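Structure data (mmCIF, C-alpha atoms) from run-v2.cif:
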data_model
loop_
_atom_site.label_atom_id
_atom_site.label_comp_id
_atom_site.auth_asym_id
_atom_site.auth_seq_id
_atom_site.Cartn_x
_atom_site.Cartn_y
_atom_site.Cartn_z
CA MET F 28 15.08 27.50 -4.51
CA VAL F 29 18.85 27.27 -4.04
CA GLN F 30 20.82 24.14 -3.22
CA PRO F 31 22.99 24.28 -0.09
CA PRO F 32 26.71 24.87 -0.78
CA GLY F 33 28.40 21.66 -1.92
CA PHE F 34 25.14 20.09 -3.13
CA GLU F 35 24.83 21.91 -6.46
CA GLN F 36 24.41 19.75 -9.57
CA GLN F 37 27.81 19.42 -11.20
CA GLY F 38 28.70 18.47 -14.76
CA VAL F 39 31.54 16.17 -15.84
CA SER F 40 34.19 18.90 -15.69
CA GLY F 41 32.76 20.62 -12.60
CA GLN F 42 30.43 23.13 -14.26
CA GLN F 43 27.05 23.73 -12.67
CA LEU F 44 23.95 22.72 -14.61
CA GLU F 45 21.91 25.54 -13.10
CA PHE F 46 24.12 28.33 -14.45
CA TRP F 47 23.48 27.36 -18.05
CA LEU F 48 19.76 26.75 -17.61
CA ALA F 49 19.41 30.04 -15.74
CA THR F 50 20.78 32.02 -18.70
CA LYS F 51 18.17 30.85 -21.21
CA PHE F 52 15.45 29.04 -19.29
CA GLU F 53 12.90 30.17 -16.72
CA ALA F 54 11.87 27.84 -13.92
CA SER F 55 8.19 27.00 -14.06
CA LYS F 56 6.03 28.36 -11.26
CA ALA F 57 3.87 25.22 -11.41
CA ASP F 58 6.71 22.65 -11.18
CA ASN F 59 10.24 23.33 -9.95
CA SER F 60 11.66 20.56 -12.17
CA LEU F 61 10.28 22.16 -15.36
CA PHE F 62 12.21 24.82 -17.26
CA VAL F 63 10.85 26.83 -20.20
CA HIS F 64 12.73 28.76 -22.89
CA HIS F 65 10.87 31.36 -24.99
CA SER F 66 12.44 32.79 -28.12
CA GLY F 67 9.89 34.54 -30.28
CA SER F 68 7.36 31.89 -31.22
CA LYS F 69 9.76 29.05 -30.35
CA LEU F 70 9.26 27.15 -27.09
CA VAL F 71 11.50 24.53 -25.53
CA TYR F 72 10.47 22.68 -22.38
CA VAL F 73 12.95 20.76 -20.23
CA LEU F 74 11.75 18.49 -17.44
CA VAL F 75 14.48 17.24 -15.09
CA TYR F 76 13.76 14.30 -12.81
CA VAL F 77 16.73 12.90 -10.87
CA ASP F 78 18.98 11.81 -13.75
CA ASP F 79 16.37 11.84 -16.53
CA ILE F 80 15.75 14.81 -18.80
CA ILE F 81 12.77 15.19 -21.11
CA VAL F 82 13.10 17.81 -23.82
CA THR F 83 10.17 18.88 -25.99
CA GLY F 84 8.84 21.97 -27.70
CA ASN F 85 7.28 23.36 -30.84
CA ASP F 86 10.50 23.77 -32.88
CA SER F 87 12.64 20.73 -33.67
CA GLN F 88 15.68 22.87 -34.59
CA ALA F 89 15.60 24.66 -31.23
CA ILE F 90 15.28 21.31 -29.46
CA ASP F 91 18.19 19.82 -31.44
CA CYS F 92 20.34 22.90 -30.74
CA PHE F 93 19.60 22.68 -27.01
CA VAL F 94 20.38 18.95 -26.88
CA GLN F 95 23.66 19.48 -28.77
CA ASP F 96 24.69 22.30 -26.40
CA LEU F 97 23.79 20.19 -23.37
CA ASN F 98 25.63 17.17 -24.78
CA ALA F 99 28.74 19.31 -25.34
CA ARG F 100 28.79 20.17 -21.61
CA PHE F 101 27.49 16.91 -20.13
CA SER F 102 27.53 13.27 -21.11
CA LEU F 103 24.05 12.48 -22.48
CA LYS F 104 22.44 9.29 -23.68
CA ASP F 105 19.52 9.89 -26.04
CA LEU F 106 16.87 7.24 -25.43
CA GLY F 107 14.79 8.38 -28.40
CA GLN F 108 11.10 9.10 -28.40
CA LEU F 109 9.47 9.08 -24.97
CA ASN F 110 7.21 6.06 -24.38
CA TYR F 111 6.93 5.67 -20.60
CA PHE F 112 7.86 8.06 -17.80
CA LEU F 113 6.97 8.02 -14.10
CA GLY F 114 4.03 5.64 -14.57
CA ILE F 115 2.63 7.49 -17.58
CA GLU F 116 2.54 5.74 -20.94
CA ILE F 117 2.88 8.01 -23.97
CA THR F 118 1.35 7.06 -27.34
CA TYR F 119 1.73 9.19 -30.46
CA ASN F 120 -0.81 9.47 -33.26
CA LYS F 121 -1.74 11.92 -36.04
CA GLY F 122 -3.95 13.94 -33.70
CA GLY F 123 -1.26 14.41 -31.06
CA VAL F 124 -0.17 12.60 -27.94
CA PHE F 125 -2.19 10.27 -25.70
CA LEU F 126 -1.19 9.88 -22.04
CA SER F 127 -2.33 6.83 -20.09
CA GLN F 128 -1.73 5.36 -16.63
CA LYS F 129 -3.32 2.00 -17.49
CA LYS F 130 -0.04 0.04 -17.35
CA TYR F 131 0.93 1.62 -14.01
CA ILE F 132 -2.50 0.90 -12.50
CA LEU F 133 -2.50 -2.72 -13.73
CA GLU F 134 0.97 -3.22 -12.18
CA LEU F 135 -0.34 -1.66 -8.95
CA LEU F 136 -3.31 -4.05 -8.94
CA GLN F 137 -0.93 -7.01 -9.38
CA ARG F 138 1.37 -5.78 -6.61
CA SER F 139 -1.59 -5.50 -4.22
CA SER F 140 -3.01 -8.90 -5.32
CA MET F 141 -6.18 -7.19 -6.50
CA ASP F 142 -5.80 -7.99 -10.22
CA ARG F 143 -8.14 -11.03 -10.06
CA SER F 144 -10.65 -9.51 -7.65
CA LYS F 145 -14.32 -9.41 -8.52
CA GLY F 146 -16.59 -6.51 -7.72
CA THR F 147 -19.14 -6.84 -4.94
CA PRO F 148 -21.58 -4.32 -3.45
CA THR F 149 -20.22 -4.96 0.09
CA PRO F 150 -16.53 -5.92 -0.02
CA MET F 151 -16.44 -7.48 3.47
CA THR F 152 -18.69 -9.55 5.67
CA THR F 153 -21.27 -7.52 7.53
CA THR F 154 -21.23 -9.81 10.59
CA CYS F 155 -17.51 -9.49 11.38
CA LYS F 156 -16.71 -7.88 14.75
CA LEU F 157 -13.65 -5.64 14.65
CA SER F 158 -11.49 -4.75 17.61
CA ALA F 159 -9.08 -1.84 18.00
CA ASN F 160 -7.12 -3.74 20.65
CA ARG F 161 -6.65 -7.20 19.13
CA GLY F 162 -4.77 -8.40 16.10
CA SER F 163 -2.50 -6.54 13.75
CA PRO F 164 -4.15 -3.65 11.90
CA ILE F 165 -1.95 -4.22 8.84
CA GLU F 166 -0.12 -7.40 7.94
CA ASP F 167 2.64 -5.71 5.90
CA GLU F 168 2.98 -2.00 6.73
CA HIS F 169 5.62 -1.40 4.07
CA LEU F 170 3.44 -2.87 1.31
CA TYR F 171 0.41 -0.93 2.57
CA ARG F 172 2.29 2.39 2.57
CA SER F 173 3.79 1.67 -0.83
CA ILE F 174 0.39 0.91 -2.37
CA PHE F 175 -1.24 3.85 -0.62
CA GLY F 176 1.48 6.21 -1.96
CA ALA F 177 1.11 4.75 -5.45
CA LEU F 178 -2.66 5.33 -5.33
CA GLN F 179 -2.09 8.94 -4.25
CA TYR F 180 0.32 9.37 -7.17
CA VAL F 181 -2.29 8.03 -9.61
CA VAL F 182 -4.89 10.49 -8.34
CA ILE F 183 -2.52 13.48 -8.24
CA THR F 184 -1.18 12.90 -11.78
CA ARG F 185 -4.60 12.51 -13.42
CA ALA F 186 -5.38 15.25 -15.88
#

Output the file's structure as structure tokens, nothing else.
Amino acid sequence: MVQPPGFEQQGVSGQQLEFWLATKFEASKADNSLFVHHSGSKLVYVLVYVDDIIVTGNDSQAIDCFVQDLNARFSLKDLGQLNYFLGIEITYNKGGVFLSQKKYILELLQRSSMDRSKGTPTPMTTTCKLSANRGSPIEDEHLYRSIFGALQYVVITRA
């Protein structure tokens, strides 16, 4: 995928981000915002989302070298260890990394006013007569679409 002329990502002094990544990193076939660098047994993964960059891998020296090179070309702000990204909470323990969407889902339930709802076998009255021609199908279309999109995101990002 190539950006149209004039829309390429530029660095502080006008250099293109893609040229440097293209020399050492391969774009992932699964996700066009993920770049992978292989050097022997060393792996470095770079995930770019808008103006956020996540860097990880199996060799801390290779990661540090990459971050230093990138910082020399672009102005970076290191936010430290990743804890929350795109609705996914990251928790570290001795066994590895635990990913959870609990916080995102709880916020979604609050936004949709469903956080205090109680379960019921039939969530609406069975005697209500519905009409396709009367009333408004949705009170707040923007909120409905926002919640619907957020629910799709939750389902798509589940492992």

Quick one, how far is CA of Asp86 in chain F from CA of Leu70 in chain F? 6.8 Å

Name the residues in contact with Val71 in chain F at a cut-off of 10 Å, using only C-alpha atoms, excluding same-chain residues fewer than 2 positions from it; report them as a list of chain:residue names.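 Once the nearby chain positions are removed, what remains is F:Phe52, F:Phe62, F:Val63, F:His64, F:His65, F:Ser66, F:Lys69, F:Val73, F:Val82, F:Thr83, F:Gly84, F:Asn85, F:Asp86, F:Ser87, F:Ala89, F:Ile90, F:Phe93.
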
Near range 109-114 of chain F, within 8 Å and counting all atoms listed in the file, which residues show up once chain neighbours fewer than 5 positions away are dropped, as a PyMOL selection string? chain F and resi 81+128+130-131

Report the distance between CA of Thr153 in chain F and CA of Ser140 in chain F in Å, rounded to one decimal place.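 CA of Ser140 in chain F lies at a distance of 22.4 Å from CA of Thr153 in chain F.
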
Report the distance between CA of Leu61 in chain F and CA of Ile115 in chain F in Å, rounded to one decimal place.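 Taking CA of Leu61 in chain F and CA of Ile115 in chain F, their separation equals 16.7 Å.
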
Please write as an MDAnalysis selection string the full residue list that the PyMOL selection byres ((chain F and resi 177) around 12) yields on this file. chainID F and resid 113:114 128 131:136 138:139 170:176 178:184

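Each of F:Tyr76, F:Leu97, F:Thr149, F:Lys156 was compared to Asn59 in chain F using all atoms listed in the file, and F:Tyr76 turns out to be the nearest.
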